[in-house]
Amino acid sequence: MTSGPHLLVVDDEAGIRESLSSILQDEGYHVEAVGSAEEALERSASGDFEVVLLDVWLPGMDGLEALSRLQASPRPPAVIMISGHGTIETAVRATKLGAFDFIEKPLSLEKIIVLVRNAIQQRRLEDENQLLRSELRLPLPGDRRQCAHESAPPADCRHRADQWPCPDLRRERYRQGACSSRAARCQPPQQGPFRGSQLRGPFRKS
């Protein structure tokens, strides 16, 4: 058994399950295969799978319903949808439900390998992003709650803030200054030693 990333193949055709499992195991992945959506949901409940290759048309629950339930899990895998009778509407719906990509039968094994590699890379980037956000206590996209660092400034900032004038005091000082400035402009001119009528000595007007 390989120790690479865990993949799950979900298809009701045994030949496709065997082909995909063999090819992906040769690429170093640990692959499990099941024939129904119900089995896929049961196996993936632990959250161990990084990628699920999921057929759209399955007996019982179809692939789109299984995709929706997989996306609702706490740590959803990247899902690559497979269809032998795909339509544009099906592909669009799968994408809106959160599918990583959509591929039609007959399958191109080279394309499957590339898609799986890209899906694993994207999922790991998302995991790293979520981990970083949790460490920094940042909200996830769409979360309107304030993050912790906004509501609680660092200790050194709080220490400096203690030395600042409070907002009320700053407003009062500004008001007093503005009043003093207006009062100065409203006062009549004062007779000072430098006005023409008060000049003495050789600089007095004749």
# chains A, B, ... in the order shown; residues from 1 in each chain; ligands from 1
>>> residues_around(residues="Arg69 (chain A)", least_positions_apart="4", cutoff="12 Å", atoms="only C-alpha atoms", output="list in words")
Ala37, Glu38, Ala40, Leu41, Glu42, Ser44, Ala45, Met61, Asp62, Gly63, Leu64, Glu65, Ser73, Pro74, Arg75, Pro76, Pro77, Val79, Leu97, Gly98 and Ala99 of chain A
>>> select_by_dssp(residues="region 58-99 of chain A", states="alpha helix (DSSP H)", output="list in words")
Gly63, Leu64, Glu65, Ala66, Leu67, Ser68, Arg69, Leu70, Gln71, Ile88, Glu89, Thr90, Ala91, Val92, Arg93, Ala94, Thr95 and Lys96 of chain A
>>> write_last_selection(atoms="all heavy atoms", output="CSV table (one decimal), in the first residue's frame")
chain,number,residue,atom,x,y,z
A,63,GLY,N,-24.5,11.4,-8.6
A,63,GLY,CA,-23.2,12.1,-8.2
A,63,GLY,C,-23.4,13.5,-7.8
A,63,GLY,O,-22.6,14.0,-7.0
A,64,LEU,N,-24.3,14.2,-8.4
A,64,LEU,CA,-24.5,15.6,-8.0
A,64,LEU,C,-25.0,15.8,-6.6
A,64,LEU,O,-24.6,16.7,-5.8
A,64,LEU,CB,-25.5,16.3,-9.0
A,64,LEU,CG,-25.0,16.5,-10.4
A,64,LEU,CD1,-26.0,17.1,-11.3
A,64,LEU,CD2,-23.7,17.3,-10.4
A,65,GLU,N,-25.9,14.9,-6.2
A,65,GLU,CA,-26.4,14.9,-4.8
A,65,GLU,C,-25.2,14.5,-3.8
A,65,GLU,O,-25.0,15.2,-2.8
A,65,GLU,CB,-27.5,13.9,-4.6
A,65,GLU,CG,-28.0,13.8,-3.2
A,65,GLU,CD,-28.6,15.1,-2.6
A,65,GLU,OE1,-29.0,15.9,-3.4
A,65,GLU,OE2,-28.6,15.3,-1.4
A,66,ALA,N,-24.4,13.6,-4.2
A,66,ALA,CA,-23.2,13.2,-3.4
A,66,ALA,C,-22.3,14.3,-3.3
A,66,ALA,O,-21.7,14.6,-2.3
A,66,ALA,CB,-22.6,11.9,-4.0
A,67,LEU,N,-22.1,15.0,-4.4
A,67,LEU,CA,-21.2,16.2,-4.5
A,67,LEU,C,-21.6,17.3,-3.5
A,67,LEU,O,-20.8,17.8,-2.7
A,67,LEU,CB,-21.1,16.8,-5.9
A,67,LEU,CG,-20.4,18.2,-6.0
A,67,LEU,CD1,-19.0,18.1,-5.6
A,67,LEU,CD2,-20.6,18.7,-7.5
A,68,SER,N,-22.9,17.5,-3.5
A,68,SER,CA,-23.5,18.5,-2.6
A,68,SER,C,-23.2,18.1,-1.1
A,68,SER,O,-22.9,19.0,-0.3
A,68,SER,CB,-25.0,18.7,-2.8
A,68,SER,OG,-25.5,19.6,-1.9
A,69,ARG,N,-23.4,16.9,-0.8
A,69,ARG,CA,-23.2,16.4,0.6
A,69,ARG,C,-21.7,16.4,0.9
A,69,ARG,O,-21.3,16.7,2.1
A,69,ARG,CB,-23.8,15.0,0.8
A,69,ARG,CG,-25.3,15.0,0.5
A,69,ARG,CD,-25.9,13.6,1.0
A,69,ARG,NE,-27.3,13.6,0.8
A,69,ARG,CZ,-28.1,12.6,1.3
A,69,ARG,NH1,-27.6,11.7,2.1
A,69,ARG,NH2,-29.4,12.6,0.9
A,70,LEU,N,-20.8,16.1,0.0
A,70,LEU,CA,-19.4,16.1,0.3
A,70,LEU,C,-19.0,17.6,0.6
A,70,LEU,O,-18.1,17.8,1.5
A,70,LEU,CB,-18.6,15.6,-0.9
A,70,LEU,CG,-18.7,14.1,-1.1
A,70,LEU,CD1,-18.0,13.7,-2.5
A,70,LEU,CD2,-17.9,13.4,0.0
A,71,GLN,N,-19.5,18.5,-0.2
A,71,GLN,CA,-19.1,19.9,0.0
A,71,GLN,C,-19.6,20.5,1.4
A,71,GLN,O,-19.1,21.4,1.9
A,71,GLN,CB,-19.6,20.8,-1.1
A,71,GLN,CG,-19.0,20.5,-2.4
A,71,GLN,CD,-17.5,20.7,-2.4
A,71,GLN,OE1,-17.0,21.8,-2.0
A,71,GLN,NE2,-16.8,19.7,-2.8
A,88,ILE,N,-23.8,20.6,-20.9
A,88,ILE,CA,-23.4,21.9,-20.4
A,88,ILE,C,-24.1,22.2,-19.1
A,88,ILE,O,-23.5,22.7,-18.1
A,88,ILE,CB,-23.6,23.0,-21.4
A,88,ILE,CG1,-22.7,22.7,-22.7
A,88,ILE,CG2,-23.2,24.3,-20.8
A,88,ILE,CD1,-22.9,23.7,-23.8
A,89,GLU,N,-25.4,21.9,-19.1
A,89,GLU,CA,-26.1,22.2,-17.8
A,89,GLU,C,-25.6,21.4,-16.7
A,89,GLU,O,-25.5,21.9,-15.5
A,89,GLU,CB,-27.6,21.9,-18.1
A,89,GLU,CG,-28.3,22.8,-19.0
A,89,GLU,CD,-28.0,22.5,-20.5
A,89,GLU,OE1,-27.4,21.5,-20.8
A,89,GLU,OE2,-28.4,23.3,-21.4
A,90,THR,N,-25.3,20.1,-16.9
A,90,THR,CA,-24.8,19.3,-15.8
A,90,THR,C,-23.4,19.8,-15.3
A,90,THR,O,-23.1,19.9,-14.1
A,90,THR,CB,-24.6,17.8,-16.3
A,90,THR,OG1,-25.9,17.4,-16.7
A,90,THR,CG2,-24.1,17.0,-15.2
A,91,ALA,N,-22.5,20.2,-16.3
A,91,ALA,CA,-21.2,20.7,-15.9
A,91,ALA,C,-21.3,22.0,-15.1
A,91,ALA,O,-20.6,22.2,-14.1
A,91,ALA,CB,-20.4,20.9,-17.2
A,92,VAL,N,-22.3,22.9,-15.6
A,92,VAL,CA,-22.4,24.2,-14.9
A,92,VAL,C,-23.0,23.9,-13.4
A,92,VAL,O,-22.5,24.5,-12.5
A,92,VAL,CB,-23.4,25.1,-15.6
A,92,VAL,CG1,-23.8,26.3,-14.8
A,92,VAL,CG2,-22.7,25.5,-16.9
A,93,ARG,N,-23.9,23.0,-13.3
A,93,ARG,CA,-24.5,22.7,-12.0
A,93,ARG,C,-23.4,22.1,-11.1
A,93,ARG,O,-23.3,22.5,-9.9
A,93,ARG,CB,-25.6,21.8,-12.1
A,93,ARG,CG,-26.3,21.5,-10.8
A,93,ARG,CD,-27.5,20.5,-10.9
A,93,ARG,NE,-28.0,20.2,-9.6
A,93,ARG,CZ,-28.8,19.2,-9.4
A,93,ARG,NH1,-29.2,18.4,-10.5
A,93,ARG,NH2,-29.3,18.9,-8.2
A,94,ALA,N,-22.6,21.2,-11.6
A,94,ALA,CA,-21.5,20.6,-10.8
A,94,ALA,C,-20.5,21.7,-10.3
A,94,ALA,O,-20.1,21.7,-9.2
A,94,ALA,CB,-20.8,19.5,-11.6
A,95,THR,N,-20.2,22.6,-11.2
A,95,THR,CA,-19.3,23.7,-10.9
A,95,THR,C,-19.9,24.6,-9.8
A,95,THR,O,-19.2,24.9,-8.8
A,95,THR,CB,-18.9,24.5,-12.1
A,95,THR,OG1,-18.4,23.7,-13.1
A,95,THR,CG2,-17.9,25.6,-11.7
A,96,LYS,N,-21.1,24.9,-9.9
A,96,LYS,CA,-21.8,25.7,-8.8
A,96,LYS,C,-21.9,25.0,-7.5
A,96,LYS,O,-21.8,25.6,-6.5
A,96,LYS,CB,-23.2,26.1,-9.3
A,96,LYS,CG,-23.2,27.1,-10.4
A,96,LYS,CD,-24.6,27.5,-10.8
A,96,LYS,CE,-24.7,28.6,-11.9
A,96,LYS,NZ,-26.1,29.0,-12.2
>>> residues_around(residues="region 10-27 of chain A", least_positions_apart="5", cutoff="12 Å", atoms="only C-alpha atoms", output="PyMOL selection string")
chain A and resi 1-5+32-44+51-63+66-67+79-84+105-117
